[in-house]
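Source file: upload18.txt (compact mmCIF, C-alpha atoms)
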# COMPACT_ATOMS: atom_id res chain seq x y z
CA MET A 18 267.16 112.15 -34.91
CA ALA A 19 270.11 110.66 -36.75
CA ARG A 20 273.39 111.14 -34.92
CA LYS A 21 276.64 112.01 -36.61
CA GLN A 22 279.60 109.74 -36.11
CA ASN A 23 281.21 112.28 -33.83
CA ASP A 24 278.60 113.05 -31.15
CA ASP A 25 280.83 115.77 -29.65
CA LEU A 26 280.76 117.63 -32.96
CA LEU A 27 276.96 117.46 -33.05
CA ILE A 28 276.73 118.96 -29.57
CA GLU A 29 279.20 121.69 -30.55
CA ASP A 30 277.15 122.46 -33.69
CA GLU A 31 273.94 122.66 -31.63
CA LEU A 32 275.56 125.07 -29.17
CA ALA A 33 276.90 127.23 -31.98
CA ALA A 34 273.50 127.25 -33.69
CA ALA A 35 271.92 128.67 -30.53
CA PHE A 36 274.10 131.79 -30.67
CA LEU A 37 275.17 132.33 -34.28
CA ASN A 38 273.19 133.62 -37.21
CA ASP A 39 273.04 131.54 -40.40
CA ASP A 40 275.94 133.34 -42.11
CA GLU A 41 278.24 132.96 -39.11
CA LEU A 42 277.29 129.31 -38.62
CA THR A 43 277.87 128.53 -42.31
CA GLN A 44 281.23 130.31 -42.15
CA GLN A 45 282.23 128.39 -39.01
CA GLN A 46 281.18 125.04 -40.51
CA ALA A 47 283.06 125.82 -43.74
CA THR A 48 286.17 126.64 -41.75
CA GLN A 49 285.89 123.35 -39.84
CA THR A 50 285.34 121.41 -43.07
CA GLN A 51 288.14 123.06 -45.03
CA ALA A 52 290.80 123.04 -42.33
CA PRO A 53 290.02 120.49 -39.62
CA ALA A 54 293.59 120.55 -38.31
CA ALA A 55 293.80 124.35 -38.17
CA SER A 56 294.45 126.12 -34.92
CA ASP A 57 291.53 127.63 -33.03
CA SER A 58 293.31 130.99 -33.11
CA ALA A 59 291.52 131.96 -36.35
CA TRP A 60 288.18 131.55 -34.61
CA GLU A 61 289.41 133.48 -31.56
CA ASP A 62 290.52 136.38 -33.79
CA ASN A 63 286.98 136.68 -35.23
CA GLU A 64 285.17 136.02 -31.97
CA ASP A 65 284.92 139.70 -31.00
CA ASP A 66 283.67 140.74 -34.45
CA PHE A 67 280.20 139.21 -34.07
CA PRO A 68 278.00 139.13 -30.99
CA GLY A 69 276.34 135.79 -30.28
CA GLN A 70 272.79 135.45 -31.47
CA LEU A 71 270.04 134.63 -29.02
CA ALA A 72 267.67 131.75 -29.84
CA VAL A 73 263.98 132.65 -29.49
CA ASP A 74 260.53 131.08 -29.62
CA VAL A 75 257.69 133.23 -30.99
CA TYR A 76 254.05 132.19 -30.75
CA GLU A 77 250.61 133.69 -30.34
CA THR A 78 247.41 133.08 -28.47
CA ASP A 79 244.02 134.59 -29.31
CA GLU A 80 244.90 137.85 -27.52
CA ARG A 81 248.72 137.95 -27.21
CA LEU A 82 252.01 137.53 -29.07
CA ILE A 83 254.71 135.92 -26.93
CA VAL A 84 258.47 135.91 -27.47
CA LYS A 85 260.57 133.67 -25.22
CA ALA A 86 264.35 133.47 -25.03
CA ARG A 87 266.72 131.39 -22.92
CA THR A 88 268.80 133.86 -20.97
CA ALA A 89 270.12 131.66 -18.17
CA GLY A 90 272.96 133.34 -16.34
CA VAL A 91 272.08 136.85 -17.54
CA ASN A 92 271.13 139.47 -14.94
CA LYS A 93 268.14 141.60 -15.88
CA GLU A 94 270.40 144.66 -15.52
CA ASP A 95 272.50 143.22 -18.37
CA LEU A 96 269.49 142.86 -20.72
CA ASP A 97 268.22 145.50 -23.13
CA VAL A 98 264.82 144.99 -24.79
CA SER A 99 263.38 147.52 -27.23
CA ILE A 100 260.69 147.71 -29.90
CA SER A 101 260.17 150.17 -32.72
CA ASP A 102 257.81 149.86 -35.68
CA GLY A 103 257.23 146.14 -35.10
CA ILE A 104 260.95 145.33 -34.80
CA LEU A 105 261.97 143.74 -31.48
CA THR A 106 265.60 143.80 -30.32
CA ILE A 107 266.92 141.83 -27.36
CA SER A 108 270.57 142.27 -26.44
CA GLY A 109 272.77 141.80 -23.44
CA THR A 110 275.92 140.37 -21.98
CA LEU A 111 276.47 136.91 -20.55
CA SER A 112 279.24 137.07 -17.98
CA SER A 113 281.02 133.95 -16.78
CA GLY A 114 281.41 135.56 -13.38
CA ASP A 115 284.94 134.15 -13.32
CA ASP A 116 287.71 136.67 -13.73
CA THR A 117 290.57 134.26 -13.24
CA ASP A 118 293.50 134.44 -15.62
CA ALA A 119 293.29 130.97 -17.12
CA THR A 120 296.51 130.00 -18.86
CA ASN A 121 295.54 126.61 -20.24
CA TRP A 122 291.97 125.79 -21.29
CA HIS A 123 291.10 122.11 -21.59
CA ILE A 124 287.47 122.52 -22.68
CA GLN A 125 285.63 125.74 -23.46
CA GLU A 126 282.09 125.14 -24.72
CA CYS A 127 280.10 127.88 -23.01
CA TYR A 128 279.40 131.14 -24.80
CA TRP A 129 280.34 134.24 -22.79
CA GLY A 130 280.02 137.78 -24.00
CA GLU A 131 277.60 139.96 -25.88
CA PHE A 132 274.54 138.60 -27.66
CA SER A 133 271.82 140.20 -29.73
CA ARG A 134 268.69 139.26 -31.62
CA THR A 135 266.53 141.50 -33.79
CA LEU A 136 263.34 140.22 -35.34
CA ALA A 137 260.30 141.56 -37.11
CA LEU A 138 257.18 140.61 -35.20
CA PRO A 139 254.84 138.48 -37.34
CA VAL A 140 251.63 140.26 -36.30
CA ALA A 141 250.69 143.83 -35.39
CA VAL A 142 251.00 144.51 -31.66
CA LYS A 143 250.27 147.38 -29.29
CA GLU A 144 253.83 148.45 -28.56
CA ASP A 145 252.77 150.31 -25.42
CA GLU A 146 251.02 147.22 -23.98
CA VAL A 147 253.95 144.92 -23.32
CA GLU A 148 255.11 142.87 -20.35
CA ALA A 149 258.64 141.47 -19.99
CA VAL A 150 259.44 138.95 -17.25
CA LEU A 151 262.76 137.23 -16.51
CA LYS A 152 262.13 134.05 -14.51
CA ASP A 153 264.23 130.91 -14.10
CA GLY A 154 266.56 131.90 -16.93
CA VAL A 155 263.78 132.53 -19.46
CA LEU A 156 262.90 136.00 -20.74
CA ALA A 157 259.21 136.13 -21.71
CA ILE A 158 257.93 139.18 -23.57
CA SER A 159 254.18 139.37 -24.08
CA PHE A 160 252.43 141.87 -26.38
CA SER A 161 248.73 142.63 -26.80
CA LYS A 162 247.80 141.98 -30.41
CA ILE A 163 246.01 144.56 -32.51
CA LYS A 164 242.72 143.17 -33.71
CA GLN A 165 242.65 143.07 -37.47
CA GLU A 166 239.28 143.90 -38.92
CA GLN A 167 237.67 141.25 -41.05
CA ALA A 168 237.36 142.09 -44.73
CA LYS A 169 233.96 143.61 -45.43
CA LYS A 170 231.93 142.44 -48.38
CA ILE A 171 231.21 145.22 -50.85
CA THR A 172 227.99 144.97 -52.75
CA ILE A 173 228.33 145.77 -56.44
CA GLN A 174 225.41 147.72 -57.81
How does this structure look as structure tokens?
Amino acid sequence: MARKQNDDLLIEDELAAAFLNDDELTQQQATQTQAPAASDSAWEDNEDDFPGQLAVDVYETDERLIVKARTAGVNKEDLDVSISDGILTISGTLSSGDDTDATNWHIQECYWGEFSRTLALPVAVKEDEVEAVLKDGVLAISFSKIKQEQAKKITIQ
């Protein structure tokens, strides 16, 4: 992968991409491009307007559809997973666990706060046959797929 001249900026972009949707990421990049010397206060003002977006992997096996998401640092009590009409929503809160009153930040790269991800599942699933497991910072949600009948040949008479 080609590296940008400023490797720190690349890392920052990758972190932002993990939690922002395309519109928010484009807006953030445009802001950085248009006003590189601007204060970070503009970003801080908008920070509460949009929850972070959770990055997911979605794949299927012969029998199951699996959705995986990195949720390191999130307690299962702080996660909400729901499905309705083939639309899966995962939301929660990532707490830093540190309630100190910091007065002077030197580096702040970690995302803390609310996150959410809603996606349409790519195949039909049995919504009542689902298993969700949080292990080692990875949320794995596994659905039983609905078998689609093969098209039947119709004889023309």
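Distance-wise, CA of Leu151 (chain A) and CA of Thr88 (chain A) end up 8.2 Å apart.
Shortest atom-to-atom contact with Val155 (chain A) among A:Arg87, A:Gly103, A:Tyr76, A:Gly130: A:Arg87, counting all atoms listed in the file.
Separating CA of Thr78 (chain A) from CA of Glu166 (chain A) is a distance of 17.1 Å.
A straight line drawn from CA of Phe160 (chain A) to CA of Ser101 (chain A) is 13.0 Å long.
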Select, counting all atoms listed in the file, all protein, DNA and RNA residues no farther than 12 Å from (259.3, 151.8, -37.0) in file coordinates, and express the selection as a PyMOL selection string.
-> chain A and resi 99-105+137-138+141+144
Now that the selection is made, can you save its residues with C-alpha atoms as a JSON list (two decimals), in the frame of the given file?
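The resulting file, selection.json, is shown below:
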[["chain", "number", "residue", "atom", "x", "y", "z"],
["A", 99, "SER", "CA", 263.38, 147.52, -27.23],
["A", 100, "ILE", "CA", 260.69, 147.71, -29.90],
["A", 101, "SER", "CA", 260.17, 150.17, -32.72],
["A", 102, "ASP", "CA", 257.81, 149.86, -35.68],
["A", 103, "GLY", "CA", 257.23, 146.14, -35.10],
["A", 104, "ILE", "CA", 260.95, 145.33, -34.80],
["A", 105, "LEU", "CA", 261.97, 143.74, -31.48],
["A", 137, "ALA", "CA", 260.30, 141.56, -37.11],
["A", 138, "LEU", "CA", 257.18, 140.61, -35.20],
["A", 141, "ALA", "CA", 250.69, 143.83, -35.39],
["A", 144, "GLU", "CA", 253.83, 148.45, -28.56]]
Could I get region 66-92 of chain A rebuilt with N, CA and C atoms, written as an mmCIF file, in the frame of the given file?
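Final output, saved to out18.cif:
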data_model
loop_
_atom_site.group_PDB
_atom_site.id
_atom_site.type_symbol
_atom_site.label_atom_id
_atom_site.label_comp_id
_atom_site.auth_asym_id
_atom_site.auth_seq_id
_atom_site.Cartn_x
_atom_site.Cartn_y
_atom_site.Cartn_z
ATOM 1 N N ASP A 66 284.292 140.031 -33.343
ATOM 2 C CA ASP A 66 283.670 140.740 -34.450
ATOM 3 C C ASP A 66 282.153 140.601 -34.464
ATOM 4 N N PHE A 67 281.622 139.484 -33.989
ATOM 5 C CA PHE A 67 280.200 139.210 -34.070
ATOM 6 C C PHE A 67 279.652 138.857 -32.692
ATOM 7 N N PRO A 68 278.612 139.550 -32.246
ATOM 8 C CA PRO A 68 278.000 139.130 -30.990
ATOM 9 C C PRO A 68 277.243 137.828 -31.214
ATOM 10 N N GLY A 69 277.119 137.018 -30.165
ATOM 11 C CA GLY A 69 276.340 135.790 -30.280
ATOM 12 C C GLY A 69 274.889 136.128 -30.553
ATOM 13 N N GLN A 70 274.192 135.209 -31.152
ATOM 14 C CA GLN A 70 272.790 135.450 -31.470
ATOM 15 C C GLN A 70 271.917 134.623 -30.548
ATOM 16 N N LEU A 71 270.940 135.241 -29.979
ATOM 17 C CA LEU A 71 270.040 134.630 -29.020
ATOM 18 C C LEU A 71 268.964 133.815 -29.729
ATOM 19 N N ALA A 72 268.743 132.586 -29.290
ATOM 20 C CA ALA A 72 267.670 131.750 -29.840
ATOM 21 C C ALA A 72 266.352 132.162 -29.198
ATOM 22 N N VAL A 73 265.281 132.225 -29.999
ATOM 23 C CA VAL A 73 263.980 132.650 -29.490
ATOM 24 C C VAL A 73 262.876 131.705 -29.959
ATOM 25 N N ASP A 74 261.787 131.708 -29.220
ATOM 26 C CA ASP A 74 260.530 131.080 -29.620
ATOM 27 C C ASP A 74 259.510 132.210 -29.737
ATOM 28 N N VAL A 75 258.720 132.210 -30.800
ATOM 29 C CA VAL A 75 257.690 133.230 -30.990
ATOM 30 C C VAL A 75 256.389 132.504 -31.297
ATOM 31 N N TYR A 76 255.354 132.801 -30.513
ATOM 32 C CA TYR A 76 254.050 132.190 -30.750
ATOM 33 C C TYR A 76 252.959 133.136 -30.318
ATOM 34 N N GLU A 77 251.718 132.816 -30.722
ATOM 35 C CA GLU A 77 250.610 133.690 -30.340
ATOM 36 C C GLU A 77 249.448 132.885 -29.794
ATOM 37 N N THR A 78 248.679 133.580 -28.970
ATOM 38 C CA THR A 78 247.410 133.080 -28.470
ATOM 39 C C THR A 78 246.335 133.945 -29.130
ATOM 40 N N ASP A 79 245.088 133.776 -28.727
ATOM 41 C CA ASP A 79 244.020 134.590 -29.310
ATOM 42 C C ASP A 79 244.254 136.085 -29.068
ATOM 43 N N GLU A 80 244.776 136.432 -27.901
ATOM 44 C CA GLU A 80 244.900 137.850 -27.520
ATOM 45 C C GLU A 80 246.335 138.385 -27.509
ATOM 46 N N ARG A 81 247.355 137.497 -27.457
ATOM 47 C CA ARG A 81 248.720 137.950 -27.210
ATOM 48 C C ARG A 81 249.722 137.340 -28.188
ATOM 49 N N LEU A 82 250.842 138.047 -28.370
ATOM 50 C CA LEU A 82 252.010 137.530 -29.070
ATOM 51 C C LEU A 82 253.097 137.378 -28.019
ATOM 52 N N ILE A 83 253.717 136.203 -27.952
ATOM 53 C CA ILE A 83 254.710 135.920 -26.930
ATOM 54 C C ILE A 83 256.046 135.591 -27.578
ATOM 55 N N VAL A 84 257.101 136.202 -27.053
ATOM 56 C CA VAL A 84 258.470 135.910 -27.470
ATOM 57 C C VAL A 84 259.194 135.407 -26.233
ATOM 58 N N LYS A 85 259.808 134.223 -26.342
ATOM 59 C CA LYS A 85 260.570 133.670 -25.220
ATOM 60 C C LYS A 85 262.001 133.423 -25.670
ATOM 61 N N ALA A 86 262.930 133.673 -24.745
ATOM 62 C CA ALA A 86 264.350 133.470 -25.030
ATOM 63 C C ALA A 86 265.033 132.901 -23.795
ATOM 64 N N ARG A 87 265.910 131.932 -24.015
ATOM 65 C CA ARG A 87 266.720 131.390 -22.920
ATOM 66 C C ARG A 87 267.815 132.381 -22.597
ATOM 67 N N THR A 88 267.797 132.883 -21.386
ATOM 68 C CA THR A 88 268.800 133.860 -20.970
ATOM 69 C C THR A 88 269.415 133.449 -19.636
ATOM 70 N N ALA A 89 269.560 132.155 -19.428
ATOM 71 C CA ALA A 89 270.120 131.660 -18.170
ATOM 72 C C ALA A 89 271.490 132.275 -17.916
ATOM 73 N N GLY A 90 271.690 132.759 -16.718
ATOM 74 C CA GLY A 90 272.960 133.340 -16.340
ATOM 75 C C GLY A 90 273.085 134.828 -16.633
ATOM 76 N N VAL A 91 272.036 135.424 -17.221
ATOM 77 C CA VAL A 91 272.080 136.850 -17.540
ATOM 78 C C VAL A 91 271.257 137.604 -16.500
ATOM 79 N N ASN A 92 271.855 138.620 -15.888
ATOM 80 C CA ASN A 92 271.130 139.470 -14.940
ATOM 81 C C ASN A 92 270.212 140.394 -15.728
#
